[in-house]
>>> print(open('input.cif').read())   # mmCIF, C-alpha atoms
data_input
loop_
_atom_site.group_PDB
_atom_site.id
_atom_site.type_symbol
_atom_site.label_atom_id
_atom_site.label_comp_id
_atom_site.auth_asym_id
_atom_site.auth_seq_id
_atom_site.Cartn_x
_atom_site.Cartn_y
_atom_site.Cartn_z
ATOM 1 C CA MET X 1132 0.000 0.000 0.000
ATOM 2 C CA ASP X 1133 1.271 3.472 -0.899
ATOM 3 C CA ALA X 1134 1.046 6.453 1.458
ATOM 4 C CA VAL X 1135 0.526 10.193 1.146
ATOM 5 C CA ILE X 1136 1.748 12.458 3.945
ATOM 6 C CA MET X 1137 -0.285 15.660 4.080
ATOM 7 C CA ALA X 1138 2.191 18.457 4.742
ATOM 8 C CA GLY X 1139 0.741 21.551 3.088
ATOM 9 C CA GLY X 1140 -1.079 23.270 5.946
ATOM 10 C CA GLN X 1141 -0.090 26.644 7.344
ATOM 11 C CA GLY X 1142 0.225 25.504 10.964
ATOM 12 C CA LEU X 1143 -0.760 28.925 12.248
ATOM 13 C CA ARG X 1144 -1.796 27.795 15.725
ATOM 14 C CA LEU X 1145 1.624 26.424 16.569
ATOM 15 C CA GLY X 1146 3.301 29.681 15.506
ATOM 16 C CA MET X 1147 6.734 28.095 14.979
ATOM 17 C CA GLY X 1148 6.990 28.253 11.200
ATOM 18 C CA GLU X 1149 6.199 25.293 8.989
ATOM 19 C CA LYS X 1150 4.831 22.615 11.262
ATOM 20 C CA PRO X 1151 6.373 19.589 9.455
ATOM 21 C CA CYS X 1152 9.820 21.131 9.984
ATOM 22 C CA VAL X 1153 9.357 21.950 13.680
ATOM 23 C CA GLU X 1154 11.858 19.910 15.660
ATOM 24 C CA LEU X 1155 10.975 17.511 18.436
ATOM 25 C CA LEU X 1156 14.009 16.158 20.295
ATOM 26 C CA GLY X 1157 16.201 17.398 17.441
ATOM 27 C CA LYS X 1158 14.166 15.768 14.668
ATOM 28 C CA PRO X 1159 11.570 17.340 12.334
ATOM 29 C CA LEU X 1160 7.997 16.244 13.021
ATOM 30 C CA ILE X 1161 7.540 14.907 9.493
ATOM 31 C CA SER X 1162 10.592 12.668 9.906
ATOM 32 C CA TYR X 1163 8.829 10.717 12.670
ATOM 33 C CA VAL X 1164 5.999 9.947 10.261
ATOM 34 C CA ILE X 1165 8.353 9.106 7.394
ATOM 35 C CA ASP X 1166 10.395 6.787 9.632
ATOM 36 C CA ALA X 1167 7.238 4.980 10.794
ATOM 37 C CA LEU X 1168 6.024 4.532 7.210
ATOM 38 C CA GLU X 1169 9.430 3.322 6.037
ATOM 39 C CA GLY X 1170 9.573 0.897 8.960
ATOM 40 C CA SER X 1171 6.182 -0.574 8.107
ATOM 41 C CA SER X 1172 6.241 -3.912 6.330
ATOM 42 C CA ARG X 1173 3.037 -2.975 4.500
ATOM 43 C CA ILE X 1174 3.881 0.448 3.007
ATOM 44 C CA GLY X 1175 5.407 0.850 -0.455
ATOM 45 C CA ARG X 1176 5.781 4.220 -2.137
ATOM 46 C CA ILE X 1177 5.625 7.379 0.009
ATOM 47 C CA ILE X 1178 4.528 10.754 -1.356
ATOM 48 C CA VAL X 1179 4.617 14.047 0.574
ATOM 49 C CA ALA X 1180 1.943 16.585 -0.399
ATOM 50 C CA VAL X 1181 3.386 20.090 0.052
ATOM 51 C CA SER X 1182 1.999 23.504 -0.901
ATOM 52 C CA PRO X 1183 3.073 27.131 -1.353
ATOM 53 C CA SER X 1184 2.773 27.403 2.451
ATOM 54 C CA THR X 1185 5.455 24.750 3.056
ATOM 55 C CA PRO X 1186 8.520 25.438 0.846
ATOM 56 C CA ALA X 1187 10.946 24.472 3.613
ATOM 57 C CA THR X 1188 9.170 21.133 3.979
ATOM 58 C CA GLU X 1189 9.596 20.479 0.271
ATOM 59 C CA GLU X 1190 13.281 21.354 0.571
ATOM 60 C CA LEU X 1191 13.701 19.047 3.576
ATOM 61 C CA VAL X 1192 12.054 16.139 1.763
ATOM 62 C CA ASN X 1193 14.114 16.683 -1.379
ATOM 63 C CA GLU X 1194 17.401 16.986 0.519
ATOM 64 C CA GLU X 1195 16.903 14.212 3.072
ATOM 65 C CA TYR X 1196 14.699 11.724 1.211
ATOM 66 C CA GLY X 1197 14.723 12.812 -2.433
ATOM 67 C CA ASP X 1198 16.271 9.594 -3.678
ATOM 68 C CA HIS X 1199 13.194 7.580 -2.691
ATOM 69 C CA ILE X 1200 10.384 9.940 -1.598
ATOM 70 C CA GLN X 1201 8.710 12.455 -3.900
ATOM 71 C CA ALA X 1202 7.293 15.821 -2.839
ATOM 72 C CA VAL X 1203 4.156 16.719 -4.796
ATOM 73 C CA ASN X 1204 3.199 20.394 -5.046
ATOM 74 C CA THR X 1205 -0.488 21.017 -4.390
ATOM 75 C CA ALA X 1206 -2.422 24.271 -4.513
ATOM 76 C CA GLY X 1207 -2.771 24.395 -0.739
ATOM 77 C CA ASP X 1208 -6.376 25.566 -1.025
ATOM 78 C CA ASN X 1209 -7.991 22.838 1.071
ATOM 79 C CA TYR X 1210 -7.143 19.470 2.569
ATOM 80 C CA VAL X 1211 -9.442 17.320 0.419
ATOM 81 C CA GLY X 1212 -8.491 19.013 -2.849
ATOM 82 C CA ASP X 1213 -4.795 18.703 -2.082
ATOM 83 C CA MET X 1214 -5.205 15.044 -1.136
ATOM 84 C CA VAL X 1215 -7.103 14.231 -4.327
ATOM 85 C CA TYR X 1216 -4.487 15.996 -6.442
ATOM 86 C CA ALA X 1217 -1.588 14.202 -4.712
ATOM 87 C CA VAL X 1218 -3.192 10.782 -5.227
ATOM 88 C CA GLU X 1219 -4.257 11.379 -8.832
ATOM 89 C CA SER X 1220 -1.018 13.037 -9.959
ATOM 90 C CA SER X 1221 0.972 10.175 -8.442
ATOM 91 C CA GLY X 1222 -1.056 7.560 -10.305
ATOM 92 C CA MET X 1223 -2.208 5.788 -7.148
ATOM 93 C CA ASP X 1224 -5.136 3.562 -8.151
ATOM 94 C CA GLU X 1225 -5.009 1.073 -5.274
ATOM 95 C CA PRO X 1226 -5.859 1.607 -1.591
ATOM 96 C CA VAL X 1227 -3.676 4.411 -0.214
ATOM 97 C CA MET X 1228 -2.960 5.571 3.331
ATOM 98 C CA ILE X 1229 -3.448 9.293 3.949
ATOM 99 C CA ILE X 1230 -1.629 10.475 7.074
ATOM 100 C CA MET X 1231 -0.950 13.840 8.689
ATOM 101 C CA SER X 1232 2.637 15.066 9.048
ATOM 102 C CA ASP X 1233 2.293 15.974 12.744
ATOM 103 C CA LEU X 1234 1.800 12.551 14.355
ATOM 104 C CA PRO X 1235 5.209 11.874 15.946
ATOM 105 C CA LEU X 1236 3.967 9.001 18.112
ATOM 106 C CA VAL X 1237 2.960 6.667 15.274
ATOM 107 C CA THR X 1238 4.959 3.442 14.978
ATOM 108 C CA PRO X 1239 5.454 0.925 12.157
ATOM 109 C CA GLU X 1240 3.585 -1.675 14.195
ATOM 110 C CA LEU X 1241 0.581 0.606 14.592
ATOM 111 C CA LEU X 1242 0.486 1.344 10.864
ATOM 112 C CA ASP X 1243 0.706 -2.363 10.063
ATOM 113 C CA SER X 1244 -2.207 -3.070 12.407
ATOM 114 C CA ILE X 1245 -4.320 -0.332 10.786
ATOM 115 C CA ILE X 1246 -3.683 -1.773 7.325
ATOM 116 C CA ALA X 1247 -4.581 -5.257 8.574
ATOM 117 C CA ALA X 1248 -7.851 -3.885 9.969
ATOM 118 C CA TYR X 1249 -8.607 -2.200 6.640
ATOM 119 C CA GLU X 1250 -8.089 -5.432 4.740
ATOM 120 C CA VAL X 1251 -10.825 -7.187 6.719
ATOM 121 C CA CYS X 1252 -13.268 -4.281 7.195
ATOM 122 C CA GLY X 1253 -15.106 -4.963 3.931
ATOM 123 C CA LYS X 1254 -15.332 -1.283 2.976
ATOM 124 C CA SER X 1255 -13.501 0.745 0.323
ATOM 125 C CA SER X 1256 -12.303 3.327 2.856
ATOM 126 C CA MET X 1257 -11.508 3.451 6.558
ATOM 127 C CA SER X 1258 -10.985 6.273 9.039
ATOM 128 C CA VAL X 1259 -9.139 5.827 12.325
ATOM 129 C CA PHE X 1260 -10.684 7.265 15.492
ATOM 130 C CA ILE X 1261 -10.244 7.081 19.251
ATOM 131 C CA PRO X 1262 -13.014 7.561 21.829
ATOM 132 C CA LEU X 1263 -13.111 11.073 23.268
ATOM 133 C CA SER X 1264 -13.176 9.534 26.737
ATOM 134 C CA LEU X 1265 -9.575 8.374 26.298
ATOM 135 C CA CYS X 1266 -8.184 11.784 25.386
ATOM 136 C CA SER X 1267 -7.994 13.028 28.952
ATOM 137 C CA GLU X 1268 -5.628 10.161 29.801
ATOM 138 C CA VAL X 1269 -2.825 11.866 27.902
ATOM 139 C CA GLY X 1270 -4.088 15.413 28.273
ATOM 140 C CA ILE X 1271 -5.392 15.778 24.716
ATOM 141 C CA ARG X 1272 -7.805 18.603 23.948
ATOM 142 C CA PRO X 1273 -8.930 17.625 20.453
ATOM 143 C CA ASP X 1274 -9.893 20.142 17.773
ATOM 144 C CA THR X 1275 -12.487 17.911 16.137
ATOM 145 C CA VAL X 1276 -15.061 15.628 17.740
ATOM 146 C CA PHE X 1277 -17.713 13.578 15.939
ATOM 147 C CA ASN X 1278 -20.843 11.918 17.256
ATOM 148 C CA TRP X 1279 -20.917 8.385 15.880
ATOM 149 C CA ALA X 1280 -23.823 6.180 16.928
ATOM 150 C CA GLY X 1281 -24.097 8.118 20.176
ATOM 151 C CA GLN X 1282 -20.372 7.908 20.962
ATOM 152 C CA LEU X 1283 -18.080 10.933 20.857
ATOM 153 C CA ILE X 1284 -14.996 10.093 18.789
ATOM 154 C CA VAL X 1285 -11.840 11.930 17.723
ATOM 155 C CA PRO X 1286 -10.143 11.514 14.327
ATOM 156 C CA ALA X 1287 -6.581 10.240 14.519
ATOM 157 C CA GLY X 1288 -5.363 11.824 11.274
ATOM 158 C CA ILE X 1289 -5.000 8.502 9.440
ATOM 159 C CA ASN X 1290 -7.328 7.308 6.677
ATOM 160 C CA ILE X 1291 -7.200 4.647 3.973
ATOM 161 C CA LEU X 1292 -9.011 5.351 0.711
ATOM 162 C CA ASP X 1293 -9.410 3.608 -2.629
ATOM 163 C CA GLY X 1294 -7.144 5.614 -4.911
ATOM 164 C CA LYS X 1295 -9.045 4.498 -7.997
ATOM 165 C CA HIS X 1296 -12.148 6.335 -6.752
ATOM 166 C CA ILE X 1297 -10.432 9.139 -4.831
ATOM 167 C CA ASN X 1298 -12.752 11.749 -6.352
ATOM 168 C CA GLU X 1299 -15.901 9.906 -5.327
ATOM 169 C CA GLU X 1300 -17.735 9.407 -2.072
ATOM 170 C CA GLN X 1301 -16.678 6.041 -0.678
ATOM 171 C CA ASP X 1302 -18.352 3.534 1.594
ATOM 172 C CA TYR X 1303 -16.373 3.838 4.816
ATOM 173 C CA HIS X 1304 -15.634 2.026 8.048
ATOM 174 C CA ASN X 1305 -14.833 3.778 11.329
ATOM 175 C CA TYR X 1306 -11.946 1.953 12.996
ATOM 176 C CA MET X 1307 -11.760 2.580 16.726
ATOM 177 C CA LEU X 1308 -8.397 2.443 18.480
ATOM 178 C CA ASP X 1309 -7.984 2.376 22.245
ATOM 179 C CA ASP X 1310 -4.588 4.078 22.050
ATOM 180 C CA PRO X 1311 -4.977 7.764 22.983
ATOM 181 C CA GLU X 1312 -1.406 8.614 21.973
ATOM 182 C CA ILE X 1313 -2.261 8.114 18.307
ATOM 183 C CA ALA X 1314 -4.563 11.145 18.445
ATOM 184 C CA LEU X 1315 -1.843 13.419 19.834
ATOM 185 C CA ASN X 1316 -1.005 15.672 16.920
ATOM 186 C CA ILE X 1317 0.964 18.889 17.278
ATOM 187 C CA ASN X 1318 -1.091 22.078 17.305
ATOM 188 C CA THR X 1319 0.366 23.974 20.256
ATOM 189 C CA ALA X 1320 3.655 24.322 22.128
ATOM 190 C CA GLU X 1321 1.976 22.369 24.937
ATOM 191 C CA ASP X 1322 1.342 19.474 22.531
ATOM 192 C CA LEU X 1323 5.002 19.565 21.511
ATOM 193 C CA LYS X 1324 6.157 19.369 25.134
ATOM 194 C CA HIS X 1325 3.679 16.586 25.825
ATOM 195 C CA CYS X 1326 5.011 14.500 22.940
ATOM 196 C CA GLU X 1327 8.562 15.154 24.085
ATOM 197 C CA ASP X 1328 7.760 13.779 27.533
ATOM 198 C CA ILE X 1329 6.064 10.670 26.087
ATOM 199 C CA LEU X 1330 8.960 9.948 23.697
ATOM 200 C CA LYS X 1331 11.520 10.341 26.465
ATOM 201 C CA ASN X 1332 9.658 7.764 28.552
ATOM 202 C CA ARG X 1333 9.276 5.208 25.762
#
>>> encode(input="input.cif", output="structure tokens")
Amino acid sequence: MDAVIMAGGQGLRLGMGEKPCVELLGKPLISYVIDALEGSSRIGRIIVAVSPSTPATEELVNEEYGDHIQAVNTAGDNYVGDMVYAVESSGMDEPVMIIMSDLPLVTPELLDSIIAAYEVCGKSSMSVFIPLSLCSEVGIRPDTVFNWAGQLIVPAGINILDGKHINEEQDYHNYMLDDPEIALNINTAEDLKHCEDILKNR
């Protein structure tokens, strides 16, 4: 399965420049995601979707990973449009993992388990969520909460879609994870410090 890392957002809330390039324990945030994808036994090609808002991210990808990872320039107008363009322009017509660039706690094992769950879910697409009730365990204050069948859930920033029908509405499965750390993305300096503490204790 191929993967697209979404790295074109402005990251205004964090206020530290381009979010994918912000360092955590001396390593850019996007590098944690790239390392996890490269360590997965189930991931093939990796594409990074950048935009006019993230020129330094494009430069980082080209300099550090350019021999095997391609940066695709999107318009940066909106998340869905950029995702569709990245998938279509890269010729991805099989299931593809879409993942945010600010999830430094993801691991290869977690990604492998998500792909395994997708393969048996019976749907063309799958979104990863955690229950809102778990967020307080690691001090997460999520930006987005959905009500799903009476349960409050938080998106984890990882989805799998059928690349062949990327421009169409797809029948989807909500995959619930009981790992609150997966939902810890970096939006504030407090989030950054929180991730630093978790990584130091791993």
>>> residues_near_point(input="input.cif", point="(4.0, 29.4, 5.5)", cutoff="7 Å", atoms="all atoms listed in the file", output="ChimeraX atom specification")
/X:1141,1148-1149,1184-1185
>>> residues_around(input="input.cif", residues="range 1160-1175 of chain X", least_positions_apart="2", cutoff="7 Å", atoms="all atoms listed in the file", output="PyMOL selection string")
chain X and resi 1132-1134+1151-1155+1158+1177+1232-1235+1237-1240+1242-1243
>>> closest_residue(input="input.cif", among="X:Leu1156, X:Ala1248, X:Val1276, X:Val1192", to="Leu1308 in chain X", atoms="all atoms listed in the file")
X:Ala1248
>>> resolve_selection(input="input.cif", expression="the PyMOL selection byres ((chain X and resi 1292) around 9)", output="number ranges by chain")
X: 1225-1229, 1255-1258, 1290-1291, 1293-1297, 1301, 1303
>>> closest_residue(input="input.cif", among="X:Ile1261, X:Ile1178, X:Leu1236, X:Ala1320", to="Asn1332 in chain X", atoms="only C-alpha atoms")
X:Leu1236
>>> resolve_selection(input="input.cif", expression="the PyMOL selection byres ((chain X and resi 1216) around 9)", output="VMD selection string")
chain X and resid 1180 1203 to 1206 1211 to 1215 1217 to 1221
>>> closest_residue(input="input.cif", among="X:Asn1278, X:Cys1252, X:Pro1273, X:Glu1312", to="His1325 in chain X", atoms="only C-alpha atoms")
X:Glu1312
>>> closest_residue(input="input.cif", among="X:Leu1283, X:Arg1176, X:Leu1323, X:Tyr1306", to="Asp1198 in chain X", atoms="all atoms listed in the file")
X:Arg1176
>>> closest_residue(input="input.cif", among="X:Gly1197, X:Lys1331, X:Glu1268, X:Ile1245", to="Ile1230 in chain X", atoms="all atoms listed in the file")
X:Ile1245
>>> residues_around(input="input.cif", residues="Met1231 in chain X", least_positions_apart="4", cutoff="7 Å", atoms="only C-alpha atoms", output="MDAnalysis selection string")
chainID X and resid 1136:1138 1288:1289
>>> atom_distance(input="input.cif", atom1="CA of Cys1326 in chain X", atom2="CA of Tyr1210 in chain X")
24.2 Å
>>> atom_distance(input="input.cif", atom1="CA of Asp1274 in chain X", atom2="CA of Ile1313 in chain X")
14.3 Å
>>> atom_distance(input="input.cif", atom1="CA of His1199 in chain X", atom2="CA of Ala1187 in chain X")
18.2 Å
>>> resolve_selection(input="input.cif", expression="the PyMOL selection byres ((chain X and resi 1262) around 9)", output="JSON, numbers by chain")
{"X": [1260, 1261, 1263, 1264, 1265, 1266, 1282, 1283, 1284, 1285, 1286, 1307, 1308, 1309, 1311]}
>>> axis_aligned_box(input="input.cif", around="range 1184-1193 of chain X", padding_each_side="4 Å", output="AutoDock Vina command-line options")
--center_x 8.4 --center_y 21.8 --center_z 1.3 --size_x 19.3 --size_y 19.3 --size_z 13.4
